[in-house]
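Listing of my_file03.cif, mmCIF, C-alpha atoms
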```
data_model
#
loop_
_atom_site.label_atom_id
_atom_site.label_comp_id
_atom_site.auth_asym_id
_atom_site.auth_seq_id
_atom_site.Cartn_x
_atom_site.Cartn_y
_atom_site.Cartn_z
CA MET O 26 72.04 -32.08 20.46
CA ALA O 27 73.85 -28.75 20.62
CA THR O 28 76.58 -28.27 23.19
CA GLU O 29 75.92 -25.62 25.82
CA MET O 30 78.18 -22.72 24.94
CA LYS O 31 80.97 -22.06 27.41
CA VAL O 32 83.45 -19.23 27.04
CA GLU O 33 86.80 -19.66 28.77
CA VAL O 34 88.91 -16.53 29.17
CA ILE O 35 92.54 -17.43 28.47
CA CYS O 36 94.15 -14.09 29.18
CA LYS O 37 93.51 -10.40 29.71
CA GLU O 38 96.06 -7.74 28.90
CA THR O 39 96.44 -4.05 28.12
CA ILE O 40 97.41 -3.03 24.59
CA LYS O 41 99.13 0.35 24.33
CA PRO O 42 99.80 2.42 21.20
CA SER O 43 102.87 1.20 19.32
CA SER O 44 104.28 4.73 19.38
CA PRO O 45 103.87 7.28 22.21
CA THR O 46 101.27 9.94 21.56
CA PRO O 47 103.03 13.25 20.77
CA HIS O 48 102.92 15.89 23.49
CA HIS O 49 100.78 18.30 21.43
CA LEU O 50 98.08 15.62 21.08
CA ARG O 51 97.98 14.64 24.75
CA ILE O 52 94.65 16.40 25.40
CA SER O 53 91.61 15.77 23.20
CA ASP O 54 88.74 18.09 24.09
CA LEU O 55 85.22 16.74 24.18
CA SER O 56 82.53 18.48 22.18
CA VAL O 57 79.15 19.36 23.63
CA PHE O 58 77.80 16.23 21.89
CA ASP O 59 80.32 14.12 23.84
CA GLN O 60 79.54 15.91 27.10
CA VAL O 61 75.80 15.21 26.96
CA THR O 62 76.17 11.62 25.71
CA SER O 63 75.25 9.04 28.37
CA GLU O 64 78.05 7.17 30.10
CA VAL O 65 77.17 3.87 28.48
CA TYR O 66 79.21 1.44 26.38
CA VAL O 67 78.36 0.41 22.82
CA GLN O 68 78.98 -3.22 21.89
CA LEU O 69 79.46 -5.00 18.57
CA LEU O 70 80.25 -8.54 17.42
CA LEU O 71 81.74 -9.61 14.09
CA PHE O 72 81.61 -13.33 13.22
CA TYR O 73 84.15 -14.98 10.91
CA PRO O 74 83.51 -18.70 10.15
CA SER O 75 86.50 -20.93 9.46
CA SER O 76 87.77 -20.94 5.90
CA SER O 77 89.49 -24.27 6.47
CA ASP O 78 88.00 -27.48 5.11
CA ASP O 79 89.40 -29.42 8.06
CA VAL O 80 87.26 -28.08 10.90
CA ASN O 81 88.23 -30.97 13.21
CA ASN O 82 92.01 -30.44 13.12
CA ILE O 83 92.44 -29.13 16.67
CA ASP O 84 96.24 -28.79 16.50
CA HIS O 85 95.96 -26.73 13.32
CA HIS O 86 93.34 -24.49 14.91
CA HIS O 87 95.45 -23.85 18.03
CA SER O 88 98.37 -22.81 15.85
CA LEU O 89 96.06 -20.59 13.82
CA PHE O 90 94.60 -19.04 17.00
CA ALA O 91 98.07 -18.09 18.21
CA GLU O 92 98.92 -16.44 14.89
CA ARG O 93 95.65 -14.54 14.75
CA SER O 94 95.89 -13.42 18.36
CA ILE O 95 99.34 -11.95 17.73
CA LEU O 96 98.12 -10.27 14.53
CA LEU O 97 95.11 -8.74 16.29
CA LYS O 98 97.15 -7.41 19.20
CA THR O 99 99.98 -6.06 17.04
CA SER O 100 97.64 -4.34 14.59
CA LEU O 101 95.49 -3.00 17.46
CA SER O 102 98.60 -1.45 18.99
CA GLU O 103 99.42 0.22 15.67
CA THR O 104 95.81 1.38 15.19
CA LEU O 105 95.81 3.07 18.59
CA THR O 106 98.53 5.43 17.38
CA TYR O 107 95.87 6.86 15.03
CA PHE O 108 92.94 6.48 17.45
CA TYR O 109 94.98 7.60 20.45
CA PRO O 110 92.02 9.04 22.46
CA LEU O 111 90.58 5.50 22.70
CA ALA O 112 93.74 4.52 24.64
CA GLY O 113 93.28 7.42 27.06
CA GLU O 114 91.18 8.31 30.10
CA PHE O 115 88.43 10.83 30.69
CA LYS O 116 89.42 14.03 32.46
CA TYR O 117 86.28 15.18 34.23
CA ASN O 118 83.66 15.70 31.51
CA SER O 119 85.68 18.11 29.39
CA SER O 120 88.45 16.15 27.68
CA ILE O 121 90.29 12.87 27.24
CA SER O 122 93.80 12.59 28.60
CA CYS O 123 95.59 10.81 25.76
CA ASN O 124 98.14 9.26 28.12
CA ASP O 125 98.53 5.89 26.36
CA HIS O 126 96.74 4.12 29.20
CA GLY O 127 95.80 1.51 26.63
CA ALA O 128 92.89 -0.67 25.56
CA ALA O 129 91.81 -3.97 27.11
CA PHE O 130 92.36 -7.14 25.09
CA VAL O 131 90.69 -10.38 26.16
CA GLU O 132 91.42 -13.73 24.52
CA ALA O 133 88.84 -16.49 24.94
CA ARG O 134 88.13 -20.04 23.76
CA VAL O 135 84.61 -21.18 22.93
CA ASN O 136 83.75 -24.88 23.24
CA CYS O 137 81.30 -25.09 20.32
CA PRO O 138 81.42 -24.53 16.56
CA ILE O 139 80.60 -21.05 15.33
CA SER O 140 77.81 -22.56 13.22
CA GLN O 141 75.89 -23.23 16.45
CA ILE O 142 75.84 -19.50 17.21
CA LEU O 143 74.87 -18.55 13.67
CA GLY O 144 72.32 -21.34 13.32
CA GLU O 145 70.31 -20.27 16.38
CA PRO O 146 71.19 -16.64 17.17
CA ASP O 147 70.77 -15.88 20.86
CA LEU O 148 71.33 -12.22 21.70
CA GLU O 149 71.39 -12.93 25.42
CA MET O 150 74.04 -15.63 25.10
CA GLN O 151 76.20 -13.34 22.99
CA LYS O 152 76.90 -11.17 26.04
CA GLN O 153 79.65 -13.66 26.89
CA LEU O 154 81.47 -12.86 23.64
CA VAL O 155 81.98 -9.14 24.29
CA PRO O 156 84.26 -7.70 26.99
CA ASN O 157 82.61 -6.35 30.11
CA HIS O 158 83.89 -2.86 30.87
CA ILE O 159 83.17 -3.30 34.60
CA GLU O 160 85.01 -6.61 34.94
CA CYS O 161 87.96 -5.51 32.75
CA ARG O 162 89.87 -3.06 34.88
CA THR O 163 93.54 -2.59 35.64
CA GLN O 164 95.02 -3.58 38.99
CA SER O 165 94.72 0.05 40.07
CA GLY O 166 90.99 -0.07 39.35
CA LYS O 167 91.08 2.12 36.24
CA GLY O 168 88.74 1.35 33.38
CA TYR O 169 89.15 1.50 29.61
CA LEU O 170 87.47 3.49 26.87
CA LEU O 171 87.99 0.62 24.40
CA LEU O 172 87.86 -3.11 25.03
CA VAL O 173 88.29 -6.00 22.58
CA GLN O 174 87.57 -9.71 22.99
CA ALA O 175 88.89 -12.26 20.48
CA ASN O 176 86.80 -15.44 20.68
CA PHE O 177 88.28 -18.54 19.05
CA PHE O 178 85.83 -21.37 18.32
CA GLU O 179 86.75 -25.06 18.26
CA CYS O 180 86.01 -25.21 14.52
CA GLY O 181 88.55 -22.51 13.71
CA GLY O 182 86.03 -19.65 13.49
CA VAL O 183 86.57 -16.29 15.16
CA ALA O 184 84.24 -13.71 16.70
CA ILE O 185 85.62 -10.27 17.51
CA GLY O 186 83.73 -8.40 20.22
CA VAL O 187 84.29 -4.66 20.65
CA THR O 188 83.10 -2.47 23.50
CA ILE O 189 83.59 1.31 23.30
CA SER O 190 82.57 4.14 25.58
CA HIS O 191 79.77 6.05 23.88
CA LYS O 192 81.21 9.30 25.21
CA ALA O 193 84.34 8.58 23.14
CA GLY O 194 82.48 7.94 19.90
CA ASP O 195 79.30 7.02 18.06
CA ALA O 196 78.61 4.28 15.48
CA HIS O 197 80.35 6.31 12.77
CA THR O 198 83.51 6.51 14.88
CA LEU O 199 83.29 2.81 15.75
CA SER O 200 83.05 1.84 12.07
CA LYS O 201 86.06 4.03 11.23
CA PHE O 202 88.06 2.42 14.03
CA ILE O 203 87.20 -1.18 13.09
CA ASN O 204 87.90 -0.71 9.39
CA SER O 205 91.17 1.13 10.08
CA TRP O 206 92.19 -1.70 12.42
CA ALA O 207 91.33 -4.29 9.77
CA ALA O 208 93.24 -2.36 7.09
CA ILE O 209 96.35 -2.22 9.29
CA ALA O 210 96.04 -5.96 10.02
CA LEU O 211 96.10 -6.50 6.24
CA GLY O 212 99.23 -4.38 5.96
CA SER O 213 97.73 -1.12 4.69
CA THR O 214 98.78 2.25 6.06
CA THR O 215 97.40 4.45 3.27
CA THR O 216 95.42 7.53 4.25
CA THR O 217 92.39 6.22 2.36
CA ASP O 218 92.24 3.17 4.63
CA VAL O 219 93.39 4.64 7.95
CA VAL O 220 91.91 7.68 9.69
CA PRO O 221 94.45 10.50 10.21
CA PRO O 222 94.86 11.71 13.81
CA ALA O 223 93.82 15.29 13.02
CA GLN O 224 90.18 14.23 12.81
CA PHE O 225 89.98 13.85 16.58
CA GLY O 226 89.10 17.06 18.36
CA ALA O 227 87.60 18.60 15.21
CA ALA O 228 84.08 18.35 16.63
CA ALA O 229 85.20 20.25 19.74
CA SER O 230 86.47 23.08 17.53
CA LEU O 231 82.94 23.41 16.09
CA LEU O 232 81.11 22.83 19.37
CA PRO O 233 83.50 23.54 22.26
CA PRO O 234 82.78 21.94 25.64
CA LEU O 235 80.57 23.96 27.98
CA GLU O 236 82.18 24.67 31.34
CA PHE O 237 79.08 24.02 33.42
CA LEU O 238 78.97 20.48 31.97
CA ASN O 239 82.50 19.69 33.23
CA SER O 240 81.16 18.40 36.53
CA PRO O 241 79.18 15.14 36.59
CA GLN O 242 75.68 15.64 35.18
CA PRO O 243 72.50 13.67 35.86
CA PRO O 244 72.46 11.07 33.06
CA LEU O 245 69.66 10.89 30.51
CA GLU O 246 67.38 8.36 32.15
CA PHE O 247 65.86 5.65 29.99
CA VAL O 248 63.06 3.55 31.40
CA HIS O 249 64.11 0.10 32.59
CA GLU O 250 61.25 -2.38 32.93
CA ASN O 251 60.72 -6.06 32.27
CA CYS O 252 61.77 -5.84 28.65
CA VAL O 253 62.77 -8.43 26.10
CA THR O 254 64.74 -8.04 22.87
CA ARG O 255 63.92 -9.73 19.60
CA ARG O 256 65.66 -9.83 16.21
CA LEU O 257 63.76 -9.34 12.97
CA VAL O 258 65.22 -9.65 9.47
CA PHE O 259 63.72 -7.90 6.44
CA ASP O 260 65.24 -9.22 3.23
CA ALA O 261 65.69 -7.01 0.19
CA SER O 262 62.76 -8.41 -1.80
CA LYS O 263 60.31 -7.86 1.07
CA ILE O 264 61.59 -4.32 1.57
CA ALA O 265 61.04 -3.63 -2.15
CA ALA O 266 57.42 -4.79 -1.77
CA LEU O 267 57.03 -2.68 1.36
CA LYS O 268 58.38 0.37 -0.48
CA SER O 269 55.71 -0.07 -3.16
CA LYS O 270 53.03 -0.27 -0.49
CA ALA O 271 54.36 2.77 1.37
CA ALA O 272 54.82 5.05 -1.66
CA SER O 273 52.45 8.01 -1.90
CA THR O 274 52.16 11.36 -3.65
CA THR O 275 53.69 12.92 -0.51
CA VAL O 276 56.65 10.51 -0.44
CA PRO O 277 56.88 8.80 -3.85
CA ASN O 278 60.28 7.20 -3.16
CA PRO O 279 60.48 6.18 0.50
CA THR O 280 63.80 4.83 1.78
CA ARG O 281 64.21 1.34 3.18
CA ILE O 282 64.84 2.85 6.62
CA GLU O 283 61.58 4.79 6.43
CA VAL O 284 59.40 1.86 5.37
CA VAL O 285 60.86 -0.62 7.86
CA SER O 286 60.65 1.95 10.66
CA ALA O 287 57.07 2.87 9.75
CA LEU O 288 55.93 -0.76 9.76
CA ILE O 289 57.59 -1.40 13.12
CA TRP O 290 56.07 1.79 14.54
CA LYS O 291 52.61 0.79 13.33
CA CYS O 292 52.88 -2.66 14.90
CA VAL O 293 54.27 -1.52 18.27
CA MET O 294 51.57 1.16 18.51
CA GLU O 295 48.89 -1.46 17.87
CA ALA O 296 50.34 -3.71 20.57
CA SER O 297 50.50 -0.85 23.06
CA ARG O 298 46.94 0.22 22.27
CA SER O 299 45.67 -3.34 22.71
CA ASN O 300 47.32 -3.69 26.13
CA LEU O 301 46.43 -0.18 27.34
CA GLY O 302 42.85 -0.44 26.11
CA SER O 303 42.89 2.89 24.26
CA ALA O 304 44.83 4.86 21.64
CA ARG O 305 47.38 7.38 22.85
CA PRO O 306 49.64 9.91 21.13
CA SER O 307 52.91 8.40 19.96
CA ALA O 308 56.34 9.74 19.06
CA TRP O 309 59.11 8.14 17.01
CA CYS O 310 62.56 9.61 17.73
CA GLN O 311 65.05 8.82 14.96
CA VAL O 312 68.76 9.40 15.59
CA VAL O 313 70.49 11.22 12.71
CA ASN O 314 74.17 11.31 11.74
CA MET O 315 74.76 15.08 11.63
CA ARG O 316 77.80 14.64 9.38
CA LYS O 317 75.48 13.74 6.49
CA ILE O 318 73.26 16.83 6.58
CA MET O 319 75.67 19.74 7.11
CA VAL O 320 75.73 22.36 4.34
CA PRO O 321 78.36 22.89 3.06
CA PRO O 322 79.76 19.40 3.77
CA LEU O 323 82.31 19.20 6.56
CA ARG O 324 85.92 19.40 5.42
CA VAL O 325 87.02 16.66 7.80
CA ASP O 326 85.38 13.42 8.82
CA LEU O 327 84.62 14.21 12.45
CA LEU O 328 85.28 11.50 15.00
CA GLY O 329 83.66 11.36 18.43
CA ASN O 330 79.92 12.02 18.69
CA PHE O 331 78.08 14.13 16.14
CA PHE O 332 74.42 13.16 16.02
CA GLY O 333 70.97 14.59 16.58
CA TYR O 334 67.46 13.28 16.16
CA PHE O 335 64.13 14.20 14.65
CA VAL O 336 60.66 13.36 15.94
CA ALA O 337 57.59 12.10 14.10
CA LYS O 338 54.30 12.17 16.03
CA THR O 339 50.75 10.86 15.89
CA GLU O 340 47.79 12.38 17.68
CA GLU O 341 45.50 10.72 20.20
CA SER O 342 42.50 11.10 17.91
CA GLU O 343 44.25 9.09 15.20
CA VAL O 344 43.38 5.45 15.82
CA ASP O 345 44.15 3.70 12.55
CA HIS O 346 47.53 4.35 10.97
CA ASP O 347 48.88 2.97 7.75
CA VAL O 348 52.49 2.69 6.67
CA GLN O 349 52.03 5.45 4.08
CA SER O 350 50.93 8.05 6.60
CA LEU O 351 53.66 7.12 9.08
CA VAL O 352 56.34 7.36 6.37
CA ALA O 353 54.99 10.80 5.52
CA GLU O 354 55.26 11.86 9.18
CA MET O 355 58.85 10.61 9.33
CA ARG O 356 59.82 12.41 6.12
CA LYS O 357 58.22 15.61 7.44
CA GLY O 358 60.19 15.35 10.69
CA PHE O 359 63.47 14.75 8.86
CA GLU O 360 62.97 17.63 6.42
CA GLU O 361 62.20 19.99 9.31
CA PHE O 362 65.32 18.79 11.10
CA LYS O 363 67.47 19.51 8.02
CA VAL O 364 66.00 23.00 7.68
CA ASN O 365 66.73 23.74 11.33
CA PHE O 366 70.28 22.37 11.54
CA ALA O 367 71.83 21.87 8.08
CA ASN O 368 73.61 25.24 8.30
CA GLY O 369 74.96 24.62 11.78
CA ILE O 370 74.12 23.70 15.33
CA SER O 371 75.04 25.43 18.58
CA GLY O 372 75.81 24.09 22.03
CA GLU O 373 72.47 25.47 23.19
CA ASP O 374 70.73 23.56 20.39
CA VAL O 375 72.40 20.33 21.56
CA LEU O 376 71.26 20.91 25.14
CA GLN O 377 67.70 21.59 23.98
CA LEU O 378 67.66 18.41 21.86
CA CYS O 379 68.89 16.39 24.84
CA LYS O 380 66.21 17.91 27.09
CA GLU O 381 63.45 17.15 24.61
CA LEU O 382 64.65 13.58 24.15
CA GLY O 383 64.54 13.05 27.91
CA GLU O 384 60.98 14.36 28.03
CA LEU O 385 59.87 12.07 25.22
CA ILE O 386 61.42 8.75 26.26
CA GLY O 387 62.81 9.25 29.76
CA LYS O 388 59.56 9.01 31.70
CA VAL O 389 57.71 5.99 33.05
CA ASP O 390 54.42 7.04 31.44
CA THR O 391 55.86 7.21 27.90
CA ASP O 392 54.73 3.72 26.88
CA ASN O 393 53.95 4.83 23.35
CA ASN O 394 57.14 6.74 22.53
CA TYR O 395 60.04 5.02 20.76
CA CYS O 396 63.66 5.77 19.98
CA SER O 397 65.34 4.31 16.91
CA THR O 398 68.96 4.32 15.81
CA SER O 399 70.23 3.12 12.43
CA TRP O 400 73.67 1.61 11.78
CA CYS O 401 72.79 1.01 8.13
CA ARG O 402 75.40 2.03 5.54
CA PHE O 403 78.22 1.94 8.08
CA PRO O 404 80.67 -0.49 6.43
CA PHE O 405 81.12 -3.01 9.24
CA TYR O 406 80.80 -5.88 6.77
CA LYS O 407 83.97 -4.73 4.99
CA ALA O 408 86.20 -5.40 8.01
CA ASN O 409 88.66 -8.01 6.71
CA PHE O 410 91.51 -8.78 9.13
CA GLY O 411 93.03 -11.37 6.82
CA TRP O 412 90.52 -14.21 6.97
CA GLY O 413 87.71 -12.76 4.88
CA LYS O 414 84.82 -10.42 5.57
CA PRO O 415 82.42 -11.16 8.43
CA SER O 416 79.44 -13.41 7.84
CA TRP O 417 77.42 -11.59 10.47
CA MET O 418 77.46 -8.43 12.49
CA SER O 419 75.48 -8.48 15.71
CA ILE O 420 74.67 -6.18 18.60
CA PRO O 421 74.26 -8.43 21.66
CA ALA O 422 71.56 -7.86 24.23
CA GLY O 423 72.47 -5.16 26.73
CA ALA O 424 73.25 -5.75 30.38
CA VAL O 425 69.91 -4.07 31.13
CA GLU O 426 67.28 -3.87 28.42
CA ILE O 427 65.87 -0.38 27.79
CA LYS O 428 62.21 -0.04 26.91
CA ASN O 429 61.09 0.99 23.42
CA ILE O 430 64.51 1.05 21.76
CA ILE O 431 64.78 -0.06 18.12
CA SER O 432 68.14 -0.61 16.40
CA LEU O 433 68.50 -1.10 12.65
CA MET O 434 71.55 -2.42 10.82
CA ASP O 435 72.43 -3.82 7.43
CA GLU O 436 71.81 -7.41 6.52
CA ARG O 437 74.97 -8.98 5.12
CA TYR O 438 74.02 -9.06 1.45
CA GLY O 439 73.21 -5.43 0.84
CA ASN O 440 69.76 -3.95 0.94
CA GLY O 441 68.18 -6.06 3.66
CA ILE O 442 67.79 -4.83 7.25
CA GLU O 443 68.14 -6.48 10.64
CA ALA O 444 66.16 -4.90 13.46
CA ARG O 445 66.50 -5.27 17.23
CA LEU O 446 63.38 -4.41 19.22
CA SER O 447 63.37 -3.99 23.01
CA LEU O 448 59.82 -3.81 24.36
CA LYS O 449 57.80 -4.67 27.43
CA GLU O 450 57.06 -8.40 27.47
CA GLU O 451 53.31 -8.00 27.01
CA ASN O 452 53.80 -5.71 24.00
CA MET O 453 56.44 -7.94 22.45
CA ALA O 454 54.13 -10.95 22.66
CA LEU O 455 51.68 -9.15 20.36
CA VAL O 456 54.31 -7.69 18.05
CA GLU O 457 56.07 -11.00 17.32
CA SER O 458 52.75 -12.58 16.34
CA ASN O 459 51.58 -9.63 14.21
CA GLN O 460 50.76 -11.12 10.81
CA GLU O 461 51.31 -7.89 8.89
CA LEU O 462 54.81 -7.63 10.33
CA LEU O 463 55.58 -11.30 9.68
CA ALA O 464 54.52 -10.88 6.05
CA TYR O 465 57.65 -8.76 5.58
CA ALA O 466 60.02 -9.91 8.32
CA SER O 467 61.43 -13.20 9.62
CA LEU O 468 61.70 -13.67 13.37
CA ASN O 469 65.30 -14.54 14.31
CA PRO O 470 66.24 -16.66 11.28
CA SER O 471 69.52 -18.54 10.99
CA VAL O 472 72.52 -16.67 9.61
CA VAL O 473 73.68 -18.01 6.24
CA MET O 474 77.47 -18.48 6.27
#
```
I'd like the structure from this file rewritten - as structure tokens, please.
Amino acid sequence: MATEMKVEVICKETIKPSSPTPHHLRISDLSVFDQVTSEVYVQLLLFYPSSSDDVNNIDHHHSLFAERSILLKTSLSETLTYFYPLAGEFKYNSSISCNDHGAAFVEARVNCPISQILGEPDLEMQKQLVPNHIECRTQSGKGYLLLVQANFFECGGVAIGVTISHKAGDAHTLSKFINSWAAIALGSTTTTDVVPPAQFGAAASLLPPLEFLNSPQPPLEFVHENCVTRRLVFDASKIAALKSKAASTTVPNPTRIEVVSALIWKCVMEASRSNLGSARPSAWCQVVNMRKIMVPPLRVDLLGNFFGYFVAKTEESEVDHDVQSLVAEMRKGFEEFKVNFANGISGEDVLQLCKELGELIGKVDTDNNYCSTSWCRFPFYKANFGWGKPSWMSIPAGAVEIKNIISLMDERYGNGIEARLSLKEENMALVESNQELLAYASLNPSVVM
């Protein structure tokens, strides 16, 4: 019988940059993208099983934990000299004061083997393995933009939990930070492995902060109801079959993101229609990394937030949808988005996108509108701190589940996809028993170490 997981916090401390931030870098302006981004925190977990054959040698593990804790803290301190805004504090809603306030570092012991977590993934339970930005504050009550929790399991395994303010950066920025941190832990300081400081603030030079947004703004409201989150895994072979099914003369070579998204959209629409008793118009909002579509390509790899979204829609009169037609709608929405914004985007454009997003998914009566974000192709699985690459990357369940949010990320071995779905309970009950979906996806399978 599995042991109930208990996480014991051993210590909490503040990690400051190893070198003071130079005076000319003490203020990092926010871009309009940063200003309109909700004041939420993004969380991530990376799991590293023990590489030791002697998983029961407790004394050895304690010695190893001490070494790894020192390595993580030392390399984090060095990494913050490059990612200095993450060690700062927000100044109103216009900039970050890069004052070397520091990042939170939590060290914890977990009383079960890491295989228990990977064998029966529980997104709700994983909340204990990431630092809570509300609980982790300094004695003066100040919060952090970046928080890290190193979890050491009794078997010798490690899970690294990272929490970052979304206003300080998106998934692209988070992946750059984690891989730079890992590279420094391995002893690398080459410019190809570590992000140069000049890349912060570059987004603000393209899209300067708007003065009227400097004061606190009403946040983009997502609908909070009795929602549940489930994990689905689409392996590469099933995605290949789904691509063949979804291909059409309109979209002869659909992407794996398109086909998985289209199938999920079809199934959640069917569940909603069944529970509502009638078909309704539906919208699928897909977040897009703007860095990938700019023409000509950006000269620097912008850090911070730099994303938009496109919308695919169905009409009320359309009752039966197939994956082919939904893929075509998604491709149409993406191509229109590229035409509109590939040559540039203005602050007014960003405000309009934010307004439209709020209208689509920020109302109680938008049961059939969905928002999807993809972390696929971000190289989280390359983050090697000195004990191998992670066996699993996970996004734990949020403190409050938000209705109709879908998150996609890479499966460990390449072209598979893991999906997180947050839906109303009655809709989820139909989705997780949908036979068409289950023909291509596994519901919360074990993680292979």
Original post:
Using all atoms listed in the file, which of O:Leu301, O:Ile282, O:Leu288, O:Ala367 sits nearest Met315 of chain O?
Top reply: O:Ala367
Subject >> Nearest to Val320 of chain O by atom-to-atom distance, counting only C-alpha atoms, from O:Val32, O:Ile370, O:Val293, O:Ala210 >> reply: O:Ile370
Can you pull out the residues contacting Asn452 of chain O? Cut-off 10 Å, using only C-alpha atoms, and skip same-chain residues under 5 positions away; I want them as a PDB file with C-alpha atoms, in the frame of the given file.
```pdb
ATOM      1  CA  CYS O 252      61.770  -5.840  28.650  1.00  0.00           C
ATOM      2  CA  VAL O 253      62.770  -8.430  26.100  1.00  0.00           C
ATOM      3  CA  CYS O 292      52.880  -2.660  14.900  1.00  0.00           C
ATOM      4  CA  VAL O 293      54.270  -1.520  18.270  1.00  0.00           C
ATOM      5  CA  MET O 294      51.570   1.160  18.510  1.00  0.00           C
ATOM      6  CA  GLU O 295      48.890  -1.460  17.870  1.00  0.00           C
ATOM      7  CA  ALA O 296      50.340  -3.710  20.570  1.00  0.00           C
ATOM      8  CA  SER O 297      50.500  -0.850  23.060  1.00  0.00           C
ATOM      9  CA  ARG O 298      46.940   0.220  22.270  1.00  0.00           C
ATOM     10  CA  SER O 299      45.670  -3.340  22.710  1.00  0.00           C
ATOM     11  CA  ASN O 300      47.320  -3.690  26.130  1.00  0.00           C
ATOM     12  CA  LEU O 301      46.430  -0.180  27.340  1.00  0.00           C
ATOM     13  CA  ASP O 392      54.730   3.720  26.880  1.00  0.00           C
ATOM     14  CA  ASN O 429      61.090   0.990  23.420  1.00  0.00           C
ATOM     15  CA  SER O 447      63.370  -3.990  23.010  1.00  0.00           C
ATOM     16  CA  GLU O 457      56.070 -11.000  17.320  1.00  0.00           C
TER      17      GLU O 457
END
```
Original post:
So how many Å separate atom CA of Ile185 of chain O and atom CA of Ser200 of chain O, to one decimal?
Top reply: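 The value is 13.5 Å.
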**OP:** Take atom CA of Phe108 of chain O and atom CA of Ala229 of chain O and report the distance between them in Å, one decimal.
**Re:**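 Those two atoms sit 16.0 Å apart.
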Subject >> Atomic distance atom CA of Gly113 of chain O - atom CA of Arg134 of chain O, expressed in Å with one decimal >> reply: 28.1 Å
**OP:** Name every residue that the PyMOL selection byres ((chain O and resi 48-56) around 9) selects in this structure, writing the answer as a PyMOL selection string with chains first and numbers rising.
**Re:** chain O and resi 45-47+57-61+109-110+113+118-125+192-193+222+225-235+329-331+372
For the residues in the current selection, export C-alpha atoms as a tab-separated table (two decimals), in the coordinates of the input.
```
chain	number	residue	atom	x	y	z
O	45	PRO	CA	103.87	7.28	22.21
O	46	THR	CA	101.27	9.94	21.56
O	47	PRO	CA	103.03	13.25	20.77
O	57	VAL	CA	79.15	19.36	23.63
O	58	PHE	CA	77.80	16.23	21.89
O	59	ASP	CA	80.32	14.12	23.84
O	60	GLN	CA	79.54	15.91	27.10
O	61	VAL	CA	75.80	15.21	26.96
O	109	TYR	CA	94.98	7.60	20.45
O	110	PRO	CA	92.02	9.04	22.46
O	113	GLY	CA	93.28	7.42	27.06
O	118	ASN	CA	83.66	15.70	31.51
O	119	SER	CA	85.68	18.11	29.39
O	120	SER	CA	88.45	16.15	27.68
O	121	ILE	CA	90.29	12.87	27.24
O	122	SER	CA	93.80	12.59	28.60
O	123	CYS	CA	95.59	10.81	25.76
O	124	ASN	CA	98.14	9.26	28.12
O	125	ASP	CA	98.53	5.89	26.36
O	192	LYS	CA	81.21	9.30	25.21
O	193	ALA	CA	84.34	8.58	23.14
O	222	PRO	CA	94.86	11.71	13.81
O	225	PHE	CA	89.98	13.85	16.58
O	226	GLY	CA	89.10	17.06	18.36
O	227	ALA	CA	87.60	18.60	15.21
O	228	ALA	CA	84.08	18.35	16.63
O	229	ALA	CA	85.20	20.25	19.74
O	230	SER	CA	86.47	23.08	17.53
O	231	LEU	CA	82.94	23.41	16.09
O	232	LEU	CA	81.11	22.83	19.37
O	233	PRO	CA	83.50	23.54	22.26
O	234	PRO	CA	82.78	21.94	25.64
O	235	LEU	CA	80.57	23.96	27.98
O	329	GLY	CA	83.66	11.36	18.43
O	330	ASN	CA	79.92	12.02	18.69
O	331	PHE	CA	78.08	14.13	16.14
O	372	GLY	CA	75.81	24.09	22.03
```
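Residue nearest Glu149 of chain O within the list O:His346, O:Pro321, O:Leu105, O:Pro421: O:Pro421 [criterion: smallest interatomic distance, only C-alpha atoms].
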Subject >> Picked residues, the PyMOL selection byres ((chain O and resi 255) around 7), as a VMD selection string >> reply: chain O and resid 253 to 254 256 to 257 445 to 447
**OP:** Would you kindly return, as a count of residues only, each protein, DNA or RNA residue with an atom no farther than 12 Å from any atom of Ile95 of chain O, considering only C-alpha atoms and excluding same-chain residues fewer than 4 positions away?
**Re:** 13
Original post:
For Gln141 of chain O, which residue among O:Thr398, O:Asn157, O:Asn278, O:Thr28 is the nearest when counting all atoms listed in the file?
Top reply: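 Using all atoms listed in the file, Gln141 of chain O sits closest to O:Thr28.
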Subject >> Selection dump of the PyMOL selection byres ((chain O and resi 74) around 12), as a ChimeraX atom specification >> reply: /O:71-73,75-78,80,138-144,176-185,412-417,472-474
**OP:** Could you check which of O:Phe115, O:Tyr66, O:Gly186, O:Val219 is closest to Glu103 of chain O, using all atoms listed in the file?
**Re:**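 Going through O:Phe115, O:Tyr66, O:Gly186, O:Val219 one by one, the smallest distance to Glu103 of chain O is for O:Val219.
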Original post:
Of the residues O:Ile289, O:Phe259, O:Glu38, O:Thr62, which is the one nearest to Val173 of chain O, using only C-alpha atoms?
Top reply: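 Smallest separation from Val173 of chain O among the options: O:Glu38.
All residues that come within 12 Å of the coordinates (102.4, -7.4, 4.9), counting only C-alpha atoms, are given as Leu96, Ser100, Ala208, Ile209, Ala210, Leu211, Gly212, Ser213, Thr214, Phe410 and Gly411 of chain O.
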Can you tell me, as lines of an AutoDock Vina configuration file, the centre and edge lengths (Å, one decimal) of the axis-aligned box enclosing all of segment 198-205 of chain O's listed atoms after padding each side by 5 Å?
```
center_x = 87.1
center_y = 2.7
center_z = 12.6
size_x = 18.1
size_y = 17.7
size_z = 16.4
```
